[in-house]
Amino acid sequence: MGPEAGRLMRLVLASEAGEAGGGLAEAAALAVAAARETGGGVLLIEVSGEERRRRCRPTLLATDAARELEGALRIGRPGARVAARGSVCWLTMPVGTEGTDPLDDLADLLATGLPCELAIVHLPAELWPDALVHPVLAPEGGLIRADLDVDRELAALAVAELRERGLRARVAKRAQGPVAARRSLAGLEAGGEATRRAERAARALAGDTGQALPLALGAAVAVVFAALLLAVLGGAITGKGRAQRAADLAALSAARSMRDDFDRLLAPARLPNGAPNPAHLGKGAYLARAVAAGREAADANGVDPDRVEIEFPDETSFAPVRARAKVRGELDPDAAPGEANGATKVDLEASATAEASAPADYGGMPTMATGGGYSGPLAYRQGKPMRPDVAAAFDRMTAAARSAGIALVINSAFRSDAEQADLFAANPDPTWVAPPGQSLHRCATELDLGPPGAYGWLASNATRFGFVQRYSWEAWHYGFTDGPAPCSAAGDAIGTGSGASRAGDGRGSGSAGLPGYVPAQFREPLLRSASRWNVSAALLAAQIMAESNFNPMAVSPAGAQGIAQFMPGTAASYGLSNPFDAPAAIDAQAHLMSDLLGQFDSIPLALAAYNAGPGAVQACGCSSPYAETAAYVARILGLLDGAGEILGPPLEVRLVA
């Protein structure tokens, strides 16, 4: 089919990156914002398989422009799935029948002279690359729903590729709440922050010509997804740039493999009954899988895997988290004449280093609740804060659920009044979200649990562990009733007494148990010092594992000594005359960590300060002032994660060199 001339309708593509959801709702919110800006008709097109394609009905209230567009689309299309919904017109299209191209069908539709200024097309990720280069569609912008905690570094590479081409796009990093999504899909303003995000997206995709949403971004926008990135970029780079990008992606892929396998590396090799643990991954297999992932990435970019070397700068550590990729080869000037300047052959070498670590700007989770409601110490499970006695009860309940084949997931726990106000502003419907000051979540005793498949088990068993279902219409909401009353002075005092357990917040003795990797001769000194200095014994144990692997005679190249790796000056300041005396060193370690936790009120920051010094951490306000420190913090957080004390976000993969 030949190129279409004279089409005035602008086109924006929308989809999801990787496993992120909510792209259709974001596209609908953008359509609503654009309709408000233009005052004209905006068409939202959903391209999907038959099993997911919606049969939308018109809403009672719809703008004249949306109804006019609905009428035009029905002409000659009996049975078309089209509906005027609020301020937009929604059309659903199949991905294509056998022998047809859905993008050609879309191009034919848009070439029919519809009374429409803008079309926003939400399509599956697998159609995205072809849509970008389609000769007729000529999209002018892209809206991507992406979870940056998972694919931040790969998204950054995609953005860099965009900038090289002088193009722009919008990435929606947060999904809308359920109420906001329903309003967006009904063609209405979502309300609160969701509406403001949609308006910012419209402005970000607008050009500078002064027209309403001109979107003059060029012929295509090369935003790519985690699942498609390697394949798309493989043909986009040549010569030295291609070699460097191949090295970048090989290093990133190796580090991503390490991040994904980190929990298995740290899992105990044997189960409590002595049987081999199928979840455990040995260090050799852990590194071999990373090498394979890096070489596979290079191969996907047209680089011979035999020319790629993957190594690990911190291989001697018990838990390596860094990968370096080197790409060596030759540049044929005939293949890239602009780079070789007529030379016969040019040797190429490119290298890149990536690491899996806590986010660079992550300061850690607070150890004390603030902002209204509960004001006592916080414990963390699955990254969610709660009262320490609630955390201990959840541990018992989740262990029982696991024995029954059910994995409990915490969707929400403690929320301060300020956080509740933000949530209510984004979802201003009291039947879904309690107004600020009224939700029991402010008391740190409430858990929203899932998945839906666990609701039956919870209804039958939660009371055995002190949890009750608060409301009959919320099968997921359970409150803890075996301790002090919610939002009470007694509740605020939980975990603040001498030797009281506050597992998961870095303080408290954590005497409920130590990880299995702690040698027997060090268990009693750890528990005693943890109780004396009110620091989690599990935290101290994970730190020693990372520092010395429980070797009392360890000496580092920098001069750090003993099981807790004290430098001589620091040891002297804490009264430690012999760093090789393990019980004394553990007590000094607990004392130092107590001071650092009090100074920084954050476990990652306190750990970073132990490794790099308080000054370096204060200077950057982060837990990763140096690459070695970032890896150190990541290892300890990973060990705590394996012990059930999840204190930070998932490790992030980033290029560091």
# chains A, B, ... in the order shown; residues from 1 in each chain; ligands from 1
>>> residues_around(residues="Arg328 of chain A", least_positions_apart="4", cutoff="10 Å", atoms="only C-alpha atoms", output="PDB file with C-alpha atoms, in the first residue's frame")
ATOM      1  CA  ALA A 243      30.749  -2.427  20.282  1.00  0.00           C
ATOM      2  CA  GLN A 244      30.355  -0.158  23.309  1.00  0.00           C
ATOM      3  CA  ALA A 247      29.533  -4.218  26.124  1.00  0.00           C
ATOM      4  CA  VAL A 303      28.494  -9.632  18.395  1.00  0.00           C
ATOM      5  CA  ASP A 304      30.138 -13.050  18.358  1.00  0.00           C
ATOM      6  CA  ASP A 306      33.412 -15.713  21.646  1.00  0.00           C
ATOM      7  CA  ARG A 307      34.634 -12.102  21.431  1.00  0.00           C
ATOM      8  CA  VAL A 308      33.001 -11.238  24.751  1.00  0.00           C
ATOM      9  CA  GLU A 309      34.725 -11.737  28.095  1.00  0.00           C
ATOM     10  CA  ASP A 347      40.979  -2.978  16.301  1.00  0.00           C
ATOM     11  CA  LEU A 348      38.112  -2.396  18.675  1.00  0.00           C
ATOM     12  CA  GLU A 349      37.911  -2.879  22.426  1.00  0.00           C
ATOM     13  CA  ALA A 350      35.030  -1.732  24.576  1.00  0.00           C
ATOM     14  CA  SER A 351      34.317  -2.481  28.204  1.00  0.00           C
TER      15      SER A 351
END
>>> select_by_dssp(residues="segment 357-580 of chain A", states="alpha helix (DSSP H)", output="MDAnalysis selection string")
chainID A and resid 388:403 417:426 455:461 489:492 520:533 537:548 568:573
>>> closest_residue(among="A:Tyr455, A:Ala558, A:Glu193, A:Gly575", to="Phe424 of chain A", atoms="only C-alpha atoms")
A:Glu193
>>> atom_distance(atom1="atom CA of Gln543 of chain A", atom2="atom CA of Gly282 of chain A")
20.6 Å
>>> atom_distance(atom1="atom CA of Pro320 of chain A", atom2="atom CA of Met593 of chain A")
23.9 Å
>>> atom_distance(atom1="atom CA of Ala255 of chain A", atom2="atom CA of Ala285 of chain A")
14.1 Å
>>> closest_residue(among="A:Glu628, A:Asp422, A:Glu296, A:Asp261", to="Ala279 of chain A", atoms="only C-alpha atoms")
A:Asp261
>>> select_by_dssp(residues="segment 440-618 of chain A", states="strand (DSSP E or B)", output="PyMOL selection string")
chain A and resi 446-450+467-469+477-480+507+535+555+561+566+602
>>> residues_around(residues="segment 400-402 of chain A", least_positions_apart="2", cutoff="10 Å", atoms="only C-alpha atoms", output="PyMOL selection string")
chain A and resi 394-398+404-408+454+457-458+461-462+465
>>> residues_around(residues="segment 488-494 of chain A", least_positions_apart="6", cutoff="12 Å", atoms="only C-alpha atoms", output="ChimeraX atom specification")
/A:368-370,372-379,386-392,440,442-445,480-482,500-503,508
>>> closest_residue(among="A:Gly86, A:Pro435, A:Gly284, A:Pro614", to="Ala35 of chain A", atoms="only C-alpha atoms")
A:Gly86
>>> closest_residue(among="A:Tyr610, A:Tyr286, A:Trp476, A:Trp128", to="Ala459 of chain A", atoms="only C-alpha atoms")
A:Trp476
>>> closest_residue(among="A:Ala560, A:Val42, A:Leu106, A:Ala585", to="Phe522 of chain A", atoms="only C-alpha atoms")
A:Ala585
>>> residues_around(residues="Gly437 of chain A", least_positions_apart="6", cutoff="9 Å", atoms="only C-alpha atoms", output="ChimeraX atom specification")
/A:372-373,416-418,420-421
